[in-house]
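Shown below: input.txt, with compact mmCIF, C-alpha atoms.
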```
# COMPACT_ATOMS: atom_id res chain seq x y z
CA MET A 1 122.94 114.32 105.75
CA ASN A 2 119.69 112.90 106.98
CA LYS A 3 119.36 112.55 110.72
CA LYS A 4 119.32 109.05 112.16
CA THR A 5 115.84 107.92 113.13
CA ILE A 6 114.49 106.71 116.47
CA ALA A 7 111.16 104.93 116.95
CA ILE A 8 109.85 105.50 120.48
CA ASP A 9 107.12 103.36 122.04
CA MET A 10 104.38 105.08 124.06
CA ASP A 11 103.03 102.80 126.81
CA GLY A 12 105.71 102.10 129.40
CA VAL A 13 108.19 104.45 127.71
CA LEU A 14 106.62 107.88 127.16
CA ALA A 15 103.52 107.15 129.23
CA ASP A 16 103.45 105.61 132.69
CA VAL A 17 100.93 102.91 131.84
CA GLU A 18 102.18 100.77 134.75
CA LEU A 19 100.98 103.28 137.34
CA GLN A 20 97.66 103.82 135.56
CA ILE A 21 96.93 100.07 135.30
CA ILE A 22 97.76 99.53 138.98
CA ASP A 23 95.44 102.38 140.01
CA HIS A 24 92.55 101.13 137.86
CA TYR A 25 93.16 97.52 138.88
CA ASN A 26 93.22 98.25 142.59
CA ALA A 27 90.10 100.41 142.33
CA ALA A 28 88.20 97.73 140.38
CA TYR A 29 89.25 94.61 142.28
CA GLY A 30 90.07 95.89 145.79
CA THR A 31 93.70 94.77 145.54
CA THR A 32 96.72 96.64 146.91
CA LEU A 33 99.25 96.18 144.12
CA THR A 34 102.14 98.64 143.97
CA LYS A 35 104.94 99.24 141.45
CA GLU A 36 107.27 97.47 143.86
CA SER A 37 105.05 94.43 144.42
CA ILE A 38 104.88 93.49 140.72
CA GLN A 39 108.60 93.84 139.88
CA GLY A 40 109.82 90.92 137.79
CA LEU A 41 106.35 89.50 137.14
CA SER A 42 104.91 89.16 133.65
CA GLU A 43 101.83 91.25 132.89
CA GLU A 44 99.71 88.09 133.12
CA GLU A 45 101.18 87.20 136.54
CA ALA A 46 100.85 90.73 137.87
CA PHE A 47 97.24 91.20 136.82
CA ASN A 48 95.84 87.68 137.15
CA GLY A 49 95.64 86.81 133.47
CA ARG A 50 94.96 88.97 130.45
CA ASP A 51 91.16 89.38 130.58
CA LEU A 52 90.95 91.91 133.43
CA LEU A 53 93.84 93.85 131.92
CA ILE A 54 92.15 94.07 128.53
CA GLU A 55 88.96 95.25 130.21
CA ILE A 56 90.90 98.09 131.84
CA LEU A 57 92.71 99.00 128.62
CA ASN A 58 89.38 99.24 126.78
CA LYS A 59 87.96 101.83 129.17
CA ASP A 60 87.12 105.29 127.80
CA ASN A 61 89.85 107.81 128.59
CA PHE A 62 92.32 105.23 129.93
CA PHE A 63 94.97 106.25 127.39
CA ARG A 64 93.98 109.94 127.28
CA THR A 65 94.76 110.41 130.99
CA LEU A 66 98.06 108.52 131.30
CA PRO A 67 100.75 110.23 133.39
CA VAL A 68 103.86 111.25 131.44
CA MET A 69 107.03 109.30 132.27
CA PRO A 70 109.57 111.36 134.27
CA ASP A 71 111.85 113.49 132.03
CA ALA A 72 110.22 112.15 128.87
CA VAL A 73 109.17 115.50 127.38
CA GLU A 74 112.51 117.27 127.80
CA SER A 75 114.41 114.17 126.68
CA VAL A 76 112.48 113.71 123.45
CA ARG A 77 112.83 117.41 122.72
CA GLU A 78 116.58 117.12 123.34
CA LEU A 79 116.90 114.04 121.09
CA GLN A 80 114.95 115.80 118.35
CA LYS A 81 117.88 118.18 117.87
CA ASN A 82 120.04 115.41 116.43
CA PHE A 83 117.63 112.61 115.49
CA GLU A 84 114.35 112.30 113.63
CA ILE A 85 111.84 111.02 116.14
CA PHE A 86 108.91 108.73 115.32
CA ILE A 87 106.37 107.71 117.94
CA VAL A 88 105.43 104.09 117.24
CA SER A 89 102.71 102.53 119.35
CA ALA A 90 101.11 99.10 118.96
CA ALA A 91 97.61 100.54 119.29
CA THR A 92 95.31 98.99 116.70
CA GLU A 93 94.36 96.21 119.13
CA PHE A 94 92.48 98.89 121.11
CA PRO A 95 90.57 101.07 118.63
CA LEU A 96 89.33 103.43 121.36
CA SER A 97 92.91 104.24 122.23
CA LEU A 98 93.78 105.57 118.78
CA ALA A 99 92.30 109.08 118.93
CA GLU A 100 93.15 109.27 122.65
CA LYS A 101 96.81 108.58 121.91
CA VAL A 102 96.99 111.26 119.23
CA ALA A 103 95.28 113.75 121.58
CA TRP A 104 97.62 112.78 124.44
CA LEU A 105 100.66 113.35 122.23
CA GLY A 106 99.20 116.68 121.11
CA GLU A 107 98.91 117.77 124.74
CA HIS A 108 102.26 116.57 126.08
CA PHE A 109 104.46 116.37 122.95
CA PRO A 110 103.08 119.11 120.68
CA PHE A 111 106.44 119.27 118.89
CA ILE A 112 105.80 115.83 117.33
CA LYS A 113 104.03 116.26 113.98
CA TRP A 114 101.27 113.89 112.77
CA GLU A 115 103.63 112.68 110.03
CA ASN A 116 105.85 111.19 112.74
CA ILE A 117 103.14 109.26 114.59
CA VAL A 118 102.61 105.58 113.78
CA LEU A 119 99.84 103.52 115.37
CA CYS A 120 100.30 99.85 114.51
CA GLY A 121 100.36 96.74 114.61
CA SER A 122 103.43 94.68 114.53
CA LYS A 123 106.61 96.73 114.65
CA ARG A 124 108.42 94.25 112.39
CA ILE A 125 108.02 96.52 109.36
CA ILE A 126 109.13 99.75 111.07
CA LYS A 127 112.51 100.72 109.71
CA THR A 128 114.30 103.19 111.97
CA ASP A 129 117.87 103.18 113.21
CA TYR A 130 116.77 102.63 116.83
CA LEU A 131 113.69 101.38 118.67
CA ILE A 132 113.15 102.29 122.32
CA ASP A 133 110.54 99.91 123.73
CA ASP A 134 109.79 97.93 126.88
CA HIS A 135 108.50 94.73 125.26
CA CYS A 136 110.61 91.87 123.92
CA LYS A 137 107.81 91.04 121.47
CA ASN A 138 108.75 94.31 119.73
CA LEU A 139 112.48 94.53 120.47
CA ASP A 140 113.28 90.96 119.45
CA TYR A 141 112.03 91.45 115.88
CA CYS A 142 112.71 95.09 115.08
CA ILE A 143 114.82 96.20 112.14
CA GLY A 144 116.85 98.86 113.93
CA LYS A 145 118.99 98.60 117.06
CA PRO A 146 116.78 97.69 120.03
CA ILE A 147 117.00 99.66 123.28
CA MET A 148 115.06 98.20 126.20
CA PHE A 149 113.36 100.69 128.49
CA THR A 150 113.04 99.23 131.99
CA ALA A 151 109.58 98.12 133.11
CA PHE A 152 108.41 95.78 135.87
CA HIS A 153 107.85 92.95 133.41
CA ASN A 154 111.26 93.09 131.71
CA ILE A 155 113.77 93.43 134.57
CA ASN A 156 114.92 89.82 134.19
CA GLN A 157 115.57 90.11 130.44
CA THR A 158 119.25 90.58 129.67
CA HIS A 159 119.59 90.22 125.90
CA HIS A 160 119.06 93.89 124.92
CA LEU A 161 120.88 97.12 125.69
CA ARG A 162 118.96 98.49 128.66
CA VAL A 163 118.16 102.04 129.76
CA ASN A 164 116.49 102.56 133.13
CA ASN A 165 115.08 106.02 132.53
CA TRP A 166 115.00 108.88 130.05
CA LYS A 167 118.26 110.48 131.19
CA GLU A 168 120.07 107.20 130.43
CA ALA A 169 118.32 106.93 127.07
CA VAL A 170 119.50 110.39 126.01
CA ALA A 171 123.05 109.64 127.16
CA VAL A 172 123.20 106.33 125.25
CA LEU A 173 121.83 107.84 122.06
CA ASN A 174 123.88 111.02 122.13
CA GLU A 175 126.99 108.88 122.46
CA THR A 176 126.26 107.37 119.02
CA LEU A 177 126.54 110.78 117.32
CA MET B 1 110.64 80.97 103.84
CA ASN B 2 108.90 84.12 104.92
CA LYS B 3 106.31 85.46 102.52
CA LYS B 4 107.09 88.73 100.75
CA THR B 5 105.24 91.68 102.24
CA ILE B 6 102.86 94.15 100.62
CA ALA B 7 101.77 97.44 102.19
CA ILE B 8 98.37 98.49 100.85
CA ASP B 9 97.02 102.01 101.16
CA MET B 10 93.36 102.50 102.12
CA ASP B 11 91.94 105.71 100.64
CA GLY B 12 91.84 105.52 96.85
CA VAL B 13 93.06 101.92 96.84
CA LEU B 14 90.89 99.77 99.12
CA ALA B 15 88.26 102.45 99.71
CA ASP B 16 86.61 104.58 97.03
CA VAL B 17 87.34 107.90 98.72
CA GLU B 18 87.05 109.70 95.37
CA LEU B 19 83.35 108.88 95.04
CA GLN B 20 82.64 109.74 98.68
CA ILE B 21 84.37 113.13 98.47
CA ILE B 22 82.52 114.02 95.27
CA ASP B 23 79.17 113.12 96.86
CA HIS B 24 79.85 115.12 100.04
CA TYR B 25 81.31 118.03 98.07
CA ASN B 26 78.38 118.28 95.68
CA ALA B 27 75.89 118.05 98.55
CA ALA B 28 77.67 120.76 100.54
CA TYR B 29 78.48 123.24 97.77
CA GLY B 30 75.79 122.60 95.13
CA THR B 31 78.35 121.60 92.51
CA THR B 32 77.97 118.83 89.92
CA LEU B 33 81.41 117.23 89.96
CA THR B 34 81.72 113.68 88.63
CA LYS B 35 84.56 111.16 88.54
CA GLU B 36 84.97 112.01 84.85
CA SER B 37 85.02 115.78 85.30
CA ILE B 38 88.00 115.75 87.70
CA GLN B 39 90.27 113.34 85.77
CA GLY B 40 93.83 114.64 85.64
CA LEU B 41 93.28 117.43 88.16
CA SER B 42 95.15 117.63 91.45
CA GLU B 43 93.05 117.31 94.61
CA GLU B 44 93.46 121.06 95.15
CA GLU B 45 92.29 121.85 91.61
CA ALA B 46 89.37 119.42 91.78
CA PHE B 47 88.05 120.63 95.11
CA ASN B 48 88.93 124.34 95.01
CA GLY B 49 91.83 124.28 97.47
CA ARG B 50 92.47 122.14 100.48
CA ASP B 51 90.26 123.78 103.13
CA LEU B 52 86.88 122.49 101.96
CA LEU B 53 88.38 119.05 101.43
CA ILE B 54 89.77 118.92 104.96
CA GLU B 55 86.39 120.01 106.31
CA ILE B 56 84.77 117.04 104.55
CA LEU B 57 87.45 114.58 105.69
CA ASN B 58 86.93 115.66 109.31
CA LYS B 59 83.22 114.81 109.29
CA ASP B 60 81.97 112.08 111.61
CA ASN B 61 81.50 108.79 109.78
CA PHE B 62 83.14 109.96 106.55
CA PHE B 63 85.71 107.15 106.67
CA ARG B 64 83.39 104.61 108.30
CA THR B 65 80.97 104.69 105.36
CA LEU B 66 83.38 104.63 102.41
CA PRO B 67 82.41 102.32 99.54
CA VAL B 68 84.80 99.43 98.94
CA MET B 69 86.80 99.61 95.71
CA PRO B 70 85.64 97.07 93.08
CA ASP B 71 87.24 93.61 93.50
CA ALA B 72 89.32 94.80 96.47
CA VAL B 73 88.08 92.23 99.01
CA GLU B 74 88.56 89.16 96.81
CA SER B 75 91.89 90.48 95.52
CA VAL B 76 93.42 91.08 98.95
CA ARG B 77 92.19 87.67 100.08
CA GLU B 78 93.80 86.14 96.99
CA LEU B 79 97.10 87.96 97.56
CA GLN B 80 97.10 86.87 101.19
CA LYS B 81 97.71 83.28 100.05
CA ASN B 82 101.21 84.13 98.86
CA PHE B 83 102.10 87.44 100.51
CA GLU B 84 101.90 88.93 103.97
CA ILE B 85 99.54 91.89 103.72
CA PHE B 86 99.82 95.09 105.77
CA ILE B 87 97.25 97.85 105.50
CA VAL B 88 99.13 101.14 105.78
CA SER B 89 97.09 104.33 105.87
CA ALA B 90 98.32 107.88 106.44
CA ALA B 91 95.59 108.58 108.98
CA THR B 92 97.04 110.41 111.97
CA GLU B 93 96.30 113.79 110.31
CA PHE B 94 92.61 113.01 110.91
CA PRO B 95 92.23 111.60 114.45
CA LEU B 96 88.51 110.96 114.01
CA SER B 97 89.29 108.65 111.13
CA LEU B 98 91.43 106.28 113.18
CA ALA B 99 88.78 104.18 114.93
CA GLU B 100 86.54 104.48 111.86
CA LYS B 101 89.23 102.99 109.67
CA VAL B 102 89.82 100.05 111.99
CA ALA B 103 86.04 99.43 112.18
CA TRP B 104 85.73 99.71 108.38
CA LEU B 105 88.51 97.15 107.91
CA GLY B 106 86.84 94.90 110.47
CA GLU B 107 83.60 95.01 108.48
CA HIS B 108 84.98 94.59 104.95
CA PHE B 109 88.35 92.89 105.50
CA PRO B 110 87.83 90.80 108.65
CA PHE B 111 90.67 88.51 107.57
CA ILE B 112 93.21 91.31 108.26
CA LYS B 113 94.42 91.07 111.87
CA TRP B 114 95.08 94.14 114.04
CA GLU B 115 98.80 93.29 113.97
CA ASN B 116 98.81 94.01 110.24
CA ILE B 117 97.16 97.44 110.41
CA VAL B 118 99.35 100.55 110.43
CA LEU B 119 97.91 104.05 110.79
CA CYS B 120 100.61 106.63 110.19
CA GLY B 121 102.22 109.18 109.37
CA SER B 122 104.83 109.29 106.77
CA LYS B 123 105.30 105.99 104.98
CA ARG B 124 109.06 106.55 104.65
CA ILE B 125 109.80 104.17 107.53
CA ILE B 126 107.50 101.35 106.37
CA LYS B 127 109.65 98.49 105.16
CA THR B 128 107.71 96.09 102.98
CA ASP B 129 108.64 94.54 99.64
CA TYR B 130 105.86 96.43 97.83
CA LEU B 131 103.68 99.47 98.42
CA ILE B 132 100.40 99.87 96.54
CA ASP B 133 99.33 103.51 96.82
CA ASP B 134 97.77 106.27 94.75
CA HIS B 135 99.91 109.20 95.96
CA CYS B 136 103.37 110.15 94.73
CA LYS B 137 104.09 111.68 98.15
CA ASN B 138 104.09 108.10 99.46
CA LEU B 139 105.34 106.16 96.40
CA ASP B 140 108.30 108.46 95.69
CA TYR B 141 109.89 107.85 99.10
CA CYS B 142 108.92 104.31 100.03
CA ILE B 143 111.45 101.61 100.84
CA GLY B 144 109.85 98.79 98.84
CA LYS B 145 108.91 98.67 95.17
CA PRO B 146 106.18 101.26 94.48
CA ILE B 147 103.03 100.29 92.59
CA MET B 148 100.77 103.19 91.61
CA PHE B 149 97.04 102.55 91.83
CA THR B 150 95.22 104.73 89.32
CA ALA B 151 93.27 107.70 90.70
CA PHE B 152 91.95 110.88 89.07
CA HIS B 153 94.84 112.92 90.48
CA ASN B 154 97.67 110.66 89.28
CA ILE B 155 96.77 109.77 85.68
CA ASN B 156 99.47 112.06 84.28
CA GLN B 157 102.26 110.60 86.44
CA THR B 158 104.40 108.13 84.52
CA HIS B 159 107.37 107.35 86.75
CA HIS B 160 105.89 104.37 88.66
CA LEU B 161 104.61 100.96 87.64
CA ARG B 162 100.86 101.52 87.30
CA VAL B 163 97.88 99.26 87.94
CA ASN B 164 94.43 100.50 86.95
CA ASN B 165 92.36 98.24 89.15
CA TRP B 166 92.57 95.33 91.57
CA LYS B 167 92.60 92.61 88.91
CA GLU B 168 95.71 94.19 87.39
CA ALA B 169 97.32 94.52 90.83
CA VAL B 170 96.86 90.81 91.54
CA ALA B 171 98.23 89.88 88.12
CA VAL B 172 101.34 92.07 88.52
CA LEU B 173 102.09 90.77 92.01
CA ASN B 174 101.43 87.12 91.30
CA GLU B 175 103.89 87.38 88.41
CA THR B 176 106.66 88.16 90.87
CA LEU B 177 106.23 84.81 92.64
```
Starting from the file, lay out its structure as structure tokens.
Amino acid sequence: MNKKTIAIDMDGVLADVELQIIDHYNAAYGTTLTKESIQGLSEEEAFNGRDLLIEILNKDNFFRTLPVMPDAVESVRELQKNFEIFIVSAATEFPLSLAEKVAWLGEHFPFIKWENIVLCGSKRIIKTDYLIDDHCKNLDYCIGKPIMFTAFHNINQTHHLRVNNWKEAVAVLNETL
Amino acid sequence: MNKKTIAIDMDGVLADVELQIIDHYNAAYGTTLTKESIQGLSEEEAFNGRDLLIEILNKDNFFRTLPVMPDAVESVRELQKNFEIFIVSAATEFPLSLAEKVAWLGEHFPFIKWENIVLCGSKRIIKTDYLIDDHCKNLDYCIGKPIMFTAFHNINQTHHLRVNNWKEAVAVLNETL
């Protein structure tokens, strides 16, 4: 029988984009934001609108140098035993990020083949059994079962199954076997 | 009601990759291949294995400078009136191609938004009502109805609905409305 499929988001799920944005933002604008200080804020509230954020996201090497989320590598490798894993990142808005994301995956997740990497776009047409993502704009419209990965901007959302970290994600998914 | 969705492949469908490969191949290896001389051959047969081909496909600017397939721009614009169009290209095998493909689409198909661009990967998890593609490896396993776009390497395949050019593609799809 074919394995069930899981689509896994990159930014905020595999990659600690939150930490990287805060570091770049503080360095550029002399602020003292921390992970704690932005809990429960939207991205626009946390970073004073979308323009400065987009400027940061468009910087060379921003996506290539993202820290890996705790336990992400071992967890994805563990899930790969019983599921087919696709990495699905809404990346085409930032063309510079595309090659950086593939290189980043090659470094940290070399066991993910190019056939299983999807850089989109809307995730509305991605048909997998599960989607692990931190954004409602993806989770609310996905075809498979949505699993919300906790991030500062989503802690007040309660309408999706939530996992707070990778150990919880593995536990939830292995229970479906 | 939501519009029906069409996934459209890039290489060999929107972009005349055949012509570009032949030009690069002849220039590099002193051959005199033409579109006519490779009809009915597989890509491996036409280009003496896969290694030389992959070398060409990895060249800077190869994908950025592809010629547009005849009638492709007007046809996609026409289809966009009644369908939602997604551009779905198996591109992650060639990381250099990723930003080039987005830039190429921006130049020739500026009416396609980034949300509707998918660079993958296997197309097995792309759920649209139709897929227009030239490769059996994509058409044989897609979720939607496959439509084969004629290319030198597929002219002997008979198990998919075939369109020979963009005018035929528009006619076939508009008939489904």
Determine, for each residue of chain A having at least one atom at most 10 Å from an atom of chain B, the closest pair of atoms and their separation in Å to one decimal, counting all atoms listed in the file; order by chain and ascending number, as a Markdown table.
```
| residue | atom | partner | partner_atom | distance |
| --- | --- | --- | --- | --- |
| A:Thr5 | CA | B:Ile125 | CA | 9.1 |
| A:Ala7 | CA | B:Ile125 | CA | 9.5 |
| A:Phe86 | CA | B:Gly121 | CA | 9.0 |
| A:Ile87 | CA | B:Gly121 | CA | 9.6 |
| A:Val88 | CA | B:Cys120 | CA | 8.9 |
| A:Ser89 | CA | B:Val118 | CA | 9.7 |
| A:Ala90 | CA | B:Glu115 | CA | 8.0 |
| A:Ala91 | CA | B:Trp114 | CA | 8.7 |
| A:Thr92 | CA | B:Trp114 | CA | 5.5 |
| A:Glu93 | CA | B:Trp114 | CA | 5.5 |
| A:Phe94 | CA | B:Trp114 | CA | 8.9 |
| A:Pro95 | CA | B:Ala99 | CA | 5.2 |
| A:Leu96 | CA | B:Ala99 | CA | 6.5 |
| A:Ser97 | CA | B:Ala99 | CA | 8.4 |
| A:Leu98 | CA | B:Leu98 | CA | 6.1 |
| A:Ala99 | CA | B:Pro95 | CA | 5.1 |
| A:Glu100 | CA | B:Pro95 | CA | 8.6 |
| A:Lys101 | CA | B:Pro95 | CA | 9.3 |
| A:Val102 | CA | B:Pro95 | CA | 6.8 |
| A:Ala103 | CA | B:Pro95 | CA | 8.0 |
| A:Lys113 | CA | B:Gly121 | CA | 8.6 |
| A:Trp114 | CA | B:Thr92 | CA | 5.5 |
| A:Glu115 | CA | B:Gly121 | CA | 3.8 |
| A:Asn116 | CA | B:Gly121 | CA | 5.3 |
| A:Ile117 | CA | B:Gly121 | CA | 5.3 |
| A:Val118 | CA | B:Cys120 | CA | 4.2 |
| A:Leu119 | CA | B:Leu119 | CA | 5.0 |
| A:Cys120 | CA | B:Val118 | CA | 4.2 |
| A:Gly121 | CA | B:Glu115 | CA | 3.8 |
| A:Ser122 | CA | B:Glu115 | CA | 4.9 |
| A:Lys123 | CA | B:Glu115 | CA | 8.6 |
| A:Arg124 | CA | B:Lys127 | CA | 8.5 |
| A:Ile125 | CA | B:Lys127 | CA | 4.9 |
| A:Ile126 | CA | B:Ile126 | CA | 5.2 |
| A:Lys127 | CA | B:Ile125 | CA | 4.9 |
| A:Thr128 | CA | B:Ile125 | CA | 6.4 |
| A:Asp129 | CA | B:Ile125 | CA | 9.9 |
| A:Ile143 | CA | B:Lys127 | CA | 9.0 |
```
Nearest residue to Ser37 of chain B from the set B:Gly12, B:Phe152, B:Val73, B:Gln157 (distances using all atoms listed in the file): B:Phe152
Selection: 12 Å around Val172 of chain B, only C-alpha atoms, excl. self and same-chain fewer than 5 positions, as number ranges by chain: B: 75, 79, 130, 132, 146-149, 161-167, 177
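A straight line drawn from atom CA of Ala46 of chain B to atom CA of His153 of chain B is 8.6 Å long.
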Residue contacts of Thr32 of chain A (10 Å, all atoms listed in the file) excluding same-chain residues fewer than 4 positions away, as an mmCIF file with C-alpha atoms, in the frame of the given file:
```cif
data_model
loop_
_atom_site.group_PDB
_atom_site.id
_atom_site.type_symbol
_atom_site.label_atom_id
_atom_site.label_comp_id
_atom_site.auth_asym_id
_atom_site.auth_seq_id
_atom_site.Cartn_x
_atom_site.Cartn_y
_atom_site.Cartn_z
ATOM 1 C CA ILE A 22 97.760 99.530 138.980
ATOM 2 C CA ASP A 23 95.440 102.380 140.010
ATOM 3 C CA TYR A 25 93.160 97.520 138.880
ATOM 4 C CA ASN A 26 93.220 98.250 142.590
ATOM 5 C CA ALA A 27 90.100 100.410 142.330
ATOM 6 C CA SER A 37 105.050 94.430 144.420
#
```
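For the pair atom CA of Pro70 of chain B and atom CA of Leu14 of chain B, the interatomic distance is 8.4 Å.
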Separation of atom CA of Lys59 of chain B from atom CA of Thr150 of chain B, in Å and rounded to one decimal: 25.4 Å
Residue neighbourhood Leu52 of chain B, 10 Å, all atoms listed in the file, exclusion window fewer than 6 positions, as an MDAnalysis selection string: chainID B and resid 25 28:29 44
Best match for closeness to Gln39 of chain A among A:Val76, A:Ile155, A:Phe62, A:Gln20, counting only C-alpha atoms: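 Selected residue with least distance to Gln39 of chain A: A:Ile155.
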Can you report as AutoDock Vina command-line options the centre and edge lengths in Å, to one decimal, of an axis-aligned box around the listed atoms of segment 42-52 of chain A padded with 3 Å on each side?
```
--center_x 97.9 --center_y 89.4 --center_z 134.2 --size_x 20.0 --size_y 11.1 --size_z 13.4
```
